[in-house]
Amino acid sequence: LKDYDAALASYGKAMDVLRQLPGQETNMAWVLSNIATVYWDKKELDIALEYYQKALDKNKKKNDLYTGAMIWSNIACIYFDKGRYEDALQVDLETLKAFRELGNRGKIARNLGSIGRDYRGLKRYGLAIKYLKDALEMAKEIGIKEIVRLIYQHLTFTYREKHDYKNALHYHQLYKEISDIIVNESRNRQVSQLKIIHETEKKEKQNILLKKSNRLQRDFLIAIALLVIILAVVTVNRFRIRAKAERSLRQSREKLSEMNTAKDKLFTIIAHD
């Protein structure tokens, strides 16, 4: 997005937080390195070098080999951009030792490419091609297409400066081919990610609908259960009321029968008398 001011502000806030925490020298070195990279991208190379130096100073306490090598590798790139090819070469040669000690083949391949670039800057094309082809071989072995593309580009520039236009065209074609592959792979990854996001959102919506459906079913079943209970209560009450009424009627009939019997006896006695 090239929003440099926002990036610098964010890194500044990160530094403020890290300063308040103990043992954060390595993280602070990375943040300072990122600030330097922003200035490098802005073409403010001297300021970038200042921040890379600050990053190195922060890294001295922990002396993290990988962090230091990465910072020095970026410094070499700036030296190259400033036309300080000999300085860039010396830094890259030292950095190569660090990456070999770490056993990081990806960084070794990239660093070999940087050394080839430095020799190209010095117009020592034979050494440039040697290091670039060593880098290319390693990059192909470990399968890092971005480094392969970078080396093809360096070889194109090197052969073109040598006026070997046949090889320059050859490596430029290879550069274009692998660039297309990288772009297509990136596009396919983005499409796959979008599909995953779409499927995730779809499943979430289905889950929401299922939960709503389950809730409605549960509420419906609860309503039915309550209705059954109410009907049962009403039915029982009606049964009790009817039973009570029948019992009362039966008692009334019994009393009436007793009264009729007594009346009949009375009339019988009167008639006899």
# chains A, B, ... in the order shown; residues from 1 in each chain; ligands from 1
>>> residues_around(residues="stretch 102-117 of chain A", least_positions_apart="3", cutoff="7 Å", atoms="only C-alpha atoms", output="ChimeraX atom specification")
/A:89,92,96,98-99,120-121,127-129,131-132,135,138-139,147,151,154
>>> residues_around(residues="A:Asp41", least_positions_apart="3", cutoff="12 Å", atoms="only C-alpha atoms", output="VMD selection string")
chain A and resid 1 to 4 7 34 to 38 44 to 48 74 77 to 78 81
>>> write_last_selection(atoms="all heavy atoms", output="CSV table (one decimal), in the first residue's frame")
chain,number,residue,atom,x,y,z
A,1,LEU,N,0.8,-1.2,0.0
A,1,LEU,CA,0.0,0.0,0.0
A,1,LEU,C,0.9,1.3,0.0
A,1,LEU,O,0.4,2.3,-0.3
A,1,LEU,CB,-0.9,0.0,1.2
A,1,LEU,CG,-2.0,-1.1,1.3
A,1,LEU,CD1,-2.7,-1.1,2.6
A,1,LEU,CD2,-2.9,-1.1,0.1
A,2,LYS,N,2.1,1.1,0.4
A,2,LYS,CA,3.1,2.2,0.4
A,2,LYS,C,2.6,3.3,1.3
A,2,LYS,O,2.9,4.5,1.1
A,2,LYS,CB,3.2,2.8,-1.1
A,2,LYS,CG,3.6,1.8,-2.1
A,2,LYS,CD,5.0,1.3,-1.9
A,2,LYS,CE,5.5,0.4,-3.0
A,2,LYS,NZ,6.8,-0.2,-2.7
A,3,ASP,N,2.0,3.0,2.4
A,3,ASP,CA,1.6,4.0,3.4
A,3,ASP,C,2.8,4.0,4.4
A,3,ASP,O,2.7,3.5,5.5
A,3,ASP,CB,0.3,3.6,4.1
A,3,ASP,CG,-0.3,4.7,4.9
A,3,ASP,OD1,0.5,5.7,5.2
A,3,ASP,OD2,-1.4,4.7,5.3
A,4,TYR,N,3.8,4.7,4.0
A,4,TYR,CA,5.0,4.7,4.8
A,4,TYR,C,4.8,5.4,6.2
A,4,TYR,O,5.4,4.9,7.2
A,4,TYR,CB,6.2,5.5,4.1
A,4,TYR,CG,6.5,4.9,2.8
A,4,TYR,CD1,6.4,5.6,1.6
A,4,TYR,CD2,7.0,3.6,2.7
A,4,TYR,CE1,6.8,5.0,0.4
A,4,TYR,CE2,7.3,3.0,1.5
A,4,TYR,CZ,7.2,3.7,0.3
A,4,TYR,OH,7.5,3.2,-0.9
A,7,ALA,N,3.2,3.0,8.5
A,7,ALA,CA,4.1,1.9,8.9
A,7,ALA,C,5.1,2.4,10.0
A,7,ALA,O,5.3,1.7,11.0
A,7,ALA,CB,4.8,1.4,7.7
A,34,ASN,N,13.0,-3.2,10.4
A,34,ASN,CA,11.8,-3.0,9.6
A,34,ASN,C,11.7,-1.5,9.3
A,34,ASN,O,11.3,-1.1,8.2
A,34,ASN,CB,10.6,-3.5,10.3
A,34,ASN,CG,10.5,-5.0,10.3
A,34,ASN,OD1,11.1,-5.7,9.5
A,34,ASN,ND2,9.8,-5.5,11.2
A,35,ILE,N,12.0,-0.6,10.3
A,35,ILE,CA,12.0,0.8,10.0
A,35,ILE,C,13.0,1.2,9.0
A,35,ILE,O,12.7,2.0,8.1
A,35,ILE,CB,12.3,1.6,11.4
A,35,ILE,CG1,11.2,1.4,12.4
A,35,ILE,CG2,12.5,3.1,11.1
A,35,ILE,CD1,11.5,1.9,13.7
A,36,ALA,N,14.2,0.6,9.0
A,36,ALA,CA,15.2,0.8,8.0
A,36,ALA,C,14.7,0.4,6.7
A,36,ALA,O,15.0,1.1,5.7
A,36,ALA,CB,16.5,0.0,8.4
A,37,THR,N,14.0,-0.7,6.6
A,37,THR,CA,13.5,-1.2,5.3
A,37,THR,C,12.5,-0.2,4.7
A,37,THR,O,12.4,0.0,3.5
A,37,THR,CB,12.9,-2.6,5.5
A,37,THR,OG1,13.9,-3.5,6.0
A,37,THR,CG2,12.4,-3.1,4.1
A,38,VAL,N,11.7,0.4,5.6
A,38,VAL,CA,10.7,1.4,5.1
A,38,VAL,C,11.5,2.6,4.4
A,38,VAL,O,11.1,3.0,3.3
A,38,VAL,CB,9.8,1.9,6.2
A,38,VAL,CG1,9.0,3.1,5.8
A,38,VAL,CG2,8.9,0.8,6.8
A,44,GLU,N,15.5,6.6,0.8
A,44,GLU,CA,16.2,7.4,1.8
A,44,GLU,C,17.3,6.5,2.4
A,44,GLU,O,17.2,6.0,3.5
A,44,GLU,CB,15.3,8.0,2.8
A,44,GLU,CG,14.3,8.9,2.2
A,44,GLU,CD,13.4,9.6,3.3
A,44,GLU,OE1,13.8,9.8,4.4
A,44,GLU,OE2,12.2,9.8,3.0
A,45,LEU,N,18.3,6.2,1.6
A,45,LEU,CA,19.3,5.2,1.9
A,45,LEU,C,20.2,5.5,3.1
A,45,LEU,O,20.5,4.6,3.9
A,45,LEU,CB,20.2,4.9,0.6
A,45,LEU,CG,19.5,4.5,-0.6
A,45,LEU,CD1,20.5,4.2,-1.8
A,45,LEU,CD2,18.5,3.3,-0.4
A,46,ASP,N,20.5,6.7,3.3
A,46,ASP,CA,21.4,7.1,4.4
A,46,ASP,C,20.6,6.9,5.7
A,46,ASP,O,21.2,6.4,6.7
A,46,ASP,CB,21.9,8.5,4.3
A,46,ASP,CG,22.9,8.7,3.2
A,46,ASP,OD1,23.6,7.7,2.9
A,46,ASP,OD2,23.0,9.8,2.6
A,47,ILE,N,19.4,7.3,5.8
A,47,ILE,CA,18.6,7.1,7.0
A,47,ILE,C,18.4,5.6,7.2
A,47,ILE,O,18.4,5.1,8.4
A,47,ILE,CB,17.2,7.8,6.8
A,47,ILE,CG1,17.4,9.3,6.7
A,47,ILE,CG2,16.3,7.5,8.1
A,47,ILE,CD1,16.1,10.1,6.5
A,48,ALA,N,18.2,4.8,6.1
A,48,ALA,CA,18.0,3.4,6.3
A,48,ALA,C,19.2,2.8,6.9
A,48,ALA,O,19.1,1.9,7.8
A,48,ALA,CB,17.7,2.8,4.9
A,74,ASN,N,20.9,-6.9,4.4
A,74,ASN,CA,20.2,-5.8,3.9
A,74,ASN,C,21.1,-4.6,3.7
A,74,ASN,O,21.0,-3.8,2.8
A,74,ASN,CB,19.1,-5.4,4.9
A,74,ASN,CG,17.9,-6.4,4.8
A,74,ASN,OD1,17.7,-7.1,3.8
A,74,ASN,ND2,17.2,-6.5,5.9
A,77,CYS,N,22.8,-4.8,0.5
A,77,CYS,CA,22.0,-4.4,-0.6
A,77,CYS,C,22.0,-2.9,-0.8
A,77,CYS,O,22.0,-2.3,-1.9
A,77,CYS,CB,20.5,-4.9,-0.4
A,77,CYS,SG,20.3,-6.7,-0.5
A,78,ILE,N,21.9,-2.2,0.3
A,78,ILE,CA,22.0,-0.7,0.3
A,78,ILE,C,23.3,-0.2,-0.3
A,78,ILE,O,23.4,0.7,-1.1
A,78,ILE,CB,21.6,-0.1,1.6
A,78,ILE,CG1,20.2,-0.4,2.0
A,78,ILE,CG2,21.9,1.4,1.6
A,78,ILE,CD1,19.7,0.2,3.3
A,81,ASP,N,23.1,-0.5,-3.9
A,81,ASP,CA,22.2,0.6,-4.5
A,81,ASP,C,23.0,1.9,-4.5
A,81,ASP,O,22.7,2.8,-5.4
A,81,ASP,CB,20.9,0.7,-3.7
A,81,ASP,CG,20.0,-0.5,-3.9
A,81,ASP,OD1,20.3,-1.3,-4.8
A,81,ASP,OD2,19.0,-0.6,-3.1
>>> atom_distance(atom1="atom CA of A:Asp180", atom2="atom CA of A:Arg160")
21.9 Å
>>> closest_residue(among="A:Thr158, A:Ala223, A:Lys145, A:Met15", to="A:Glu185", atoms="only C-alpha atoms")
A:Lys145
>>> select_by_dssp(residues="stretch 1-100 of chain A", states="alpha helix (DSSP H)", output="PyMOL selection string")
chain A and resi 4-19+25-41+45-62+65-81+85-100
